[in-house]
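Asker: Quick one: the structure is below, questions incoming.
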Amino acid sequence: MALQRLDGTTASIEQVIAVLDRDGGVIIEKFLTSAQLAGMRDDLLPLIERQSTGRDAFFGQNTRRLSALFAKTRYSADVVTHPLYLPAARHFVCVPQHRWSGDSYMEVTCDLQVGVSQAIQIGPGEGGQALHRDDGAFFWSRNFGREARLQVMIALTDFTAENGGTMVVPGSHHWDDERKPLAEEAIPTEMNAGSALLFLGGVYHGGGTNRTESEWRTGVTFALDASFVRQEENHYLALTPELVASYPEEIQRLLGWSMSGRALGWIEVDGVLADPNFLLRPLEVSAAVGG
C-alpha cells in the first residue's frame with residue numbers, strides 16, 4: 001500500500017483530513033514554496049552539518065540532529081501555521097469533550113502546542129530505526145480513542161528508498177497497543193525536497209536505512225500536540241523569552257506561552273489565575289523600540 005500524494009498548491013484541508021483518517025499519513029507535494037525551501041536550507045544545513053553523530057542505535061550512529069529550530073530559522077513559523085497542517089492538527093487533536101461542572105454540562109476543547117522541532121540528517125550506512133509511535137513519548141494509548149499528535153516531516157533534500165526515506169506503516173493508527181509492527185509492513189517515504197509527510201502520532205514509522213555511499217538525507221520535523229501533554233522538547237529552556245516574544249502571538253501560544261482552557265498552564269498574579277502570555281508583552285515592546 002503506497003502513501004497517497006496530494007498537491008500542496010491545490011489540495012483542500014478536507015482531502016488531507018480524509019486521507020489521514022484512513023491511512024494515518026499523507027505526502028503533500030510542494031508543501032513549501034521554493035523561497036521557503038531555499039530559506040530553510042540556507043538557515044539549517046550549515047548548522048546541522050557541524051553536529052556530531054553517534055548517540056545510539058535508536059537515535060542513530062551516523063545521524064545528525066539539530067533542535068530548537070525556532071531559534072535557528074524563522075521559517076519554523078510558516079511550517080506550524082501551514083494551512084494544510086495546522087487545521088488538520090486541530091481536527092484530530094482538539095476533539096471536543098463534555099464534562100460536568102456542578103449543574104453545567106460543559107464542552108471543553110484542548111489547544112495545540114509544538115511538541116518538538118528537529119532537523120534530522122541520516123548519513124550513508126545508517127541502519128533502519130526501530131518502528132515506533134511518536135506519541136509513546138508521553139505514554140499515549142490507543143485505548144484513549146483519540147489522537148494527541150500530528151507530525152510533519154519536511155524533505156530538505158530528496159527522500160528516496162535508498163537514502164533513508166522515513167518508513168511508514170499505513171493504517172497502523174487503527175491498531176491497538178498490543179499489535180507488533182513488522183518490517184515488511186513499512187514502506188519508504190519517497191518525495192522531492194520541499195514536499196512533506198504528515199502523519200498521526202499513532203502511526204508506526206522510523207528512519208529508513210541509508211544504503212548510499214555518500215548521500216546525506218535531511219528532513220525537518222515538527223509536532224503539534226495536545227496542550228495537556230508535556231512537550232517532548234522543553235521550549236521554555238531551549239528558547240529565551242525574548243526570542244519567543246519576537247514571534248506573533250499565535251506562535252508564542254503554540255510554543256506553550258499560554259493558558260489552555262480554564263485551568264492549565266496558569267500563573268498566579270495578585271490572587272488571580274492569569275494567562276502567562278502577558279509576560280511577553282513588555283519584551284515585545286522592547287523589541288519594537290530596539291531596546
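Every chain in the C-alpha cells takes a letter, A first, then B, and so on in the order presented; its residues are numbered from 1, and the ligands are numbered from 1 following the presented order.
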What lies within 6 Å of range 20-37 of chain A using only C-alpha atoms, ignoring chain neighbours under 4 positions off, as a list in words?

Answerer: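 Non-adjacent residues within range: Leu3, Gln4, Arg5, Leu6, Asp7, Gly8, Pro170, Gly171, His173, Gly194, Ser195, Ala196, Leu197, Leu198, Phe199 and Leu200 of chain A.
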
Asker: Show me a table, sorted first by chain and then by increasing residue number, of the residues of range 195-231 of chain A having an atom at most 10 Å from range 60-74 of chain A, each with its shortest atom pair and the distance in Å to one decimal, counting only C-alpha atoms and written as JSON lines.

Answerer:
{"residue": "A:Gly207", "atom": "CA", "partner": "A:Gly60", "partner_atom": "CA", "distance": 9.0}
{"residue": "A:Asn210", "atom": "CA", "partner": "A:Asn62", "partner_atom": "CA", "distance": 9.7}
{"residue": "A:Trp216", "atom": "CA", "partner": "A:Thr63", "partner_atom": "CA", "distance": 8.9}
{"residue": "A:Arg217", "atom": "CA", "partner": "A:Thr63", "partner_atom": "CA", "distance": 9.4}
{"residue": "A:Thr218", "atom": "CA", "partner": "A:Arg64", "partner_atom": "CA", "distance": 9.0}
{"residue": "A:Gly219", "atom": "CA", "partner": "A:Arg65", "partner_atom": "CA", "distance": 9.8}
{"residue": "A:Val220", "atom": "CA", "partner": "A:Leu69", "partner_atom": "CA", "distance": 9.1}
{"residue": "A:Thr221", "atom": "CA", "partner": "A:Leu69", "partner_atom": "CA", "distance": 9.6}
{"residue": "A:Phe222", "atom": "CA", "partner": "A:Leu69", "partner_atom": "CA", "distance": 9.1}

Asker: From a DSSP calculation on the backbone, collect every residue of range 182-271 of chain A in strand (DSSP E) and output the set as a ChimeraX atom specification.

Answerer: /A:187-188,196-200,205-206,217-226,267-269

Asker: Would you save the residues from that selection as a compact mmCIF listing (two decimals), in the first residue's frame, using C-alpha atoms?

Answerer:
# COMPACT_ATOMS: atom_id res chain seq x y z
CA ILE A 187 7.01 1.44 3.14
CA PRO A 188 9.59 4.17 2.42
CA ALA A 196 6.24 16.83 3.36
CA LEU A 197 4.91 13.74 5.09
CA LEU A 198 2.08 14.40 7.54
CA PHE A 199 1.45 11.53 9.96
CA LEU A 200 -0.56 10.96 13.10
CA HIS A 205 7.27 4.73 11.50
CA GLY A 206 11.05 5.01 11.66
CA ARG A 217 19.21 12.64 3.70
CA THR A 218 17.99 15.73 5.52
CA GLY A 219 14.49 16.24 6.91
CA VAL A 220 12.90 18.72 9.29
CA THR A 221 10.16 17.59 11.66
CA PHE A 222 7.67 19.45 13.84
CA ALA A 223 4.91 18.03 16.02
CA LEU A 224 1.67 19.72 17.02
CA ASP A 225 0.43 18.12 20.23
CA ALA A 226 -2.47 18.39 22.63
CA ILE A 267 0.35 31.66 36.76
CA GLU A 268 -0.92 33.49 39.85
CA VAL A 269 -0.90 37.30 39.69

Asker: Could you find all residues in range 65-120 of chain A that DSSP calls helix (DSSP H, G or I) from the backbone, and write them as number ranges by chain?

Answerer: A: 69-71, 75-80, 86-93

Asker: Which polymer residues have any atom within 7 Å of an atom of range 91-105 of chain A, counting only C-alpha atoms, with same-chain residues fewer than 3 positions away left out, as number ranges by chain?

Answerer: A: 87-88, 108-111, 147-149, 226

Asker: Could you write those residues out with N, CA, C and O atoms, as a PDB file, in the first residue's frame?

Answerer:
ATOM      1  N   PRO A  87      -4.756  23.353  10.577  1.00  0.00           N
ATOM      2  CA  PRO A  87      -6.173  22.961  10.697  1.00  0.00           C
ATOM      3  C   PRO A  87      -6.369  21.450  10.821  1.00  0.00           C
ATOM      4  O   PRO A  87      -7.281  20.995  11.516  1.00  0.00           O
ATOM      5  N   ALA A  88      -5.516  20.665  10.155  1.00  0.00           N
ATOM      6  CA  ALA A  88      -5.616  19.209  10.284  1.00  0.00           C
ATOM      7  C   ALA A  88      -5.279  18.776  11.702  1.00  0.00           C
ATOM      8  O   ALA A  88      -5.916  17.883  12.265  1.00  0.00           O
ATOM      9  N   VAL A 108     -15.559  21.202  26.447  1.00  0.00           N
ATOM     10  CA  VAL A 108     -14.188  21.689  26.612  1.00  0.00           C
ATOM     11  C   VAL A 108     -13.342  21.148  25.462  1.00  0.00           C
ATOM     12  O   VAL A 108     -13.549  20.024  24.991  1.00  0.00           O
ATOM     13  N   THR A 109     -12.407  21.960  25.022  1.00  0.00           N
ATOM     14  CA  THR A 109     -11.524  21.585  23.921  1.00  0.00           C
ATOM     15  C   THR A 109     -10.111  22.015  24.252  1.00  0.00           C
ATOM     16  O   THR A 109      -9.888  23.152  24.698  1.00  0.00           O
ATOM     17  N   CYS A 110      -9.145  21.138  24.038  1.00  0.00           N
ATOM     18  CA  CYS A 110      -7.756  21.487  24.307  1.00  0.00           C
ATOM     19  C   CYS A 110      -7.205  22.372  23.187  1.00  0.00           C
ATOM     20  O   CYS A 110      -7.771  22.453  22.096  1.00  0.00           O
ATOM     21  N   ASP A 111      -6.101  23.028  23.484  1.00  0.00           N
ATOM     22  CA  ASP A 111      -5.364  23.789  22.485  1.00  0.00           C
ATOM     23  C   ASP A 111      -4.248  22.925  21.918  1.00  0.00           C
ATOM     24  O   ASP A 111      -4.058  21.773  22.323  1.00  0.00           O
ATOM     25  N   GLU A 147      -6.410  10.997  18.995  1.00  0.00           N
ATOM     26  CA  GLU A 147      -5.021  11.316  18.712  1.00  0.00           C
ATOM     27  C   GLU A 147      -4.574  12.492  19.570  1.00  0.00           C
ATOM     28  O   GLU A 147      -5.382  13.353  19.947  1.00  0.00           O
ATOM     29  N   ALA A 148      -3.282  12.517  19.891  1.00  0.00           N
ATOM     30  CA  ALA A 148      -2.720  13.633  20.649  1.00  0.00           C
ATOM     31  C   ALA A 148      -1.610  14.335  19.883  1.00  0.00           C
ATOM     32  O   ALA A 148      -1.021  15.293  20.393  1.00  0.00           O
ATOM     33  N   ARG A 149      -1.324  13.876  18.656  1.00  0.00           N
ATOM     34  CA  ARG A 149      -0.233  14.490  17.885  1.00  0.00           C
ATOM     35  C   ARG A 149      -0.484  14.344  16.397  1.00  0.00           C
ATOM     36  O   ARG A 149      -0.949  13.305  15.918  1.00  0.00           O
ATOM     37  N   ALA A 226      -1.466  17.902  21.697  1.00  0.00           N
ATOM     38  CA  ALA A 226      -2.474  18.394  22.633  1.00  0.00           C
ATOM     39  C   ALA A 226      -1.787  19.185  23.741  1.00  0.00           C
ATOM     40  O   ALA A 226      -0.709  18.820  24.218  1.00  0.00           O
TER      41      ALA A 226
END

Asker: List the neighbours of Thr212 in chain A out to 9 Å using only C-alpha atoms; skip same-chain residues closer than 4 positions along the sequence, and give me the result as a list in words.

Answerer: Gly123, Pro124, Gly125, Glu162, Asn163, Gly164 and Trp216 of chain A

Asker: Now that the selection is made, can you save its residues with N, CA, C and O atoms as a CSV table (one decimal), in the first residue's frame?

Answerer:
chain,number,residue,atom,x,y,z
A,123,GLY,N,23.0,9.7,7.6
A,123,GLY,CA,24.2,9.6,6.8
A,123,GLY,C,24.3,8.2,6.1
A,123,GLY,O,23.6,7.2,6.5
A,124,PRO,N,25.2,8.1,5.2
A,124,PRO,CA,25.5,6.8,4.5
A,124,PRO,C,25.8,5.7,5.5
A,124,PRO,O,26.6,5.9,6.4
A,125,GLY,N,25.2,4.5,5.2
A,125,GLY,CA,25.4,3.4,6.1
A,125,GLY,C,24.6,3.3,7.3
A,125,GLY,O,24.7,2.3,8.1
A,162,GLU,N,16.5,4.5,-1.1
A,162,GLU,CA,17.9,4.2,-0.9
A,162,GLU,C,18.6,5.1,0.2
A,162,GLU,O,19.5,4.6,0.8
A,163,ASN,N,18.1,6.3,0.3
A,163,ASN,CA,18.9,7.2,1.2
A,163,ASN,C,18.3,7.4,2.6
A,163,ASN,O,18.7,8.2,3.4
A,164,GLY,N,17.3,6.5,2.9
A,164,GLY,CA,16.7,6.6,4.3
A,164,GLY,C,15.4,7.3,4.4
A,164,GLY,O,15.1,7.7,5.5
A,216,TRP,N,23.6,12.3,2.1
A,216,TRP,CA,23.0,12.6,3.4
A,216,TRP,C,21.6,13.0,3.2
A,216,TRP,O,21.3,13.9,2.4

Asker: Considering only C-alpha atoms, can you say which of A:Ser214, A:Asn192, A:Ser227, A:Gln129 comes closest to Phe58 in chain A?

Answerer: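 The closest residue to Phe58 in chain A is A:Gln129.
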
Asker: A:Ala57, A:Ile251, A:Val16, A:Leu47: which is nearest Tyr75 in chain A, counting only C-alpha atoms?

Answerer: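 Checking each of A:Ala57, A:Ile251, A:Val16, A:Leu47 against Tyr75 in chain A, counting only C-alpha atoms, the winner is A:Ile251.
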
Asker: How many Å lie between CA of Thr209 in chain A and CA of Glu49 in chain A, rounded to one decimal?

Answerer: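 According to the coordinates, CA of Thr209 in chain A and CA of Glu49 in chain A are separated by 19.2 Å.
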
Asker: So, with only C-alpha atoms as the atoms that count, which of A:Thr157, A:Ser260, A:Ser246, A:Thr53 lies closest to Val229 in chain A?

Answerer: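 Result for the nearest residue to Val229 in chain A: A:Ser260.
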
Asker: Tell me which of A:Thr189, A:Gln113, A:Arg253, A:Gly202 sits closest to His174 in chain A, counting only C-alpha atoms.

Answerer: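 Smallest distance to His174 in chain A is found for A:Gly202.
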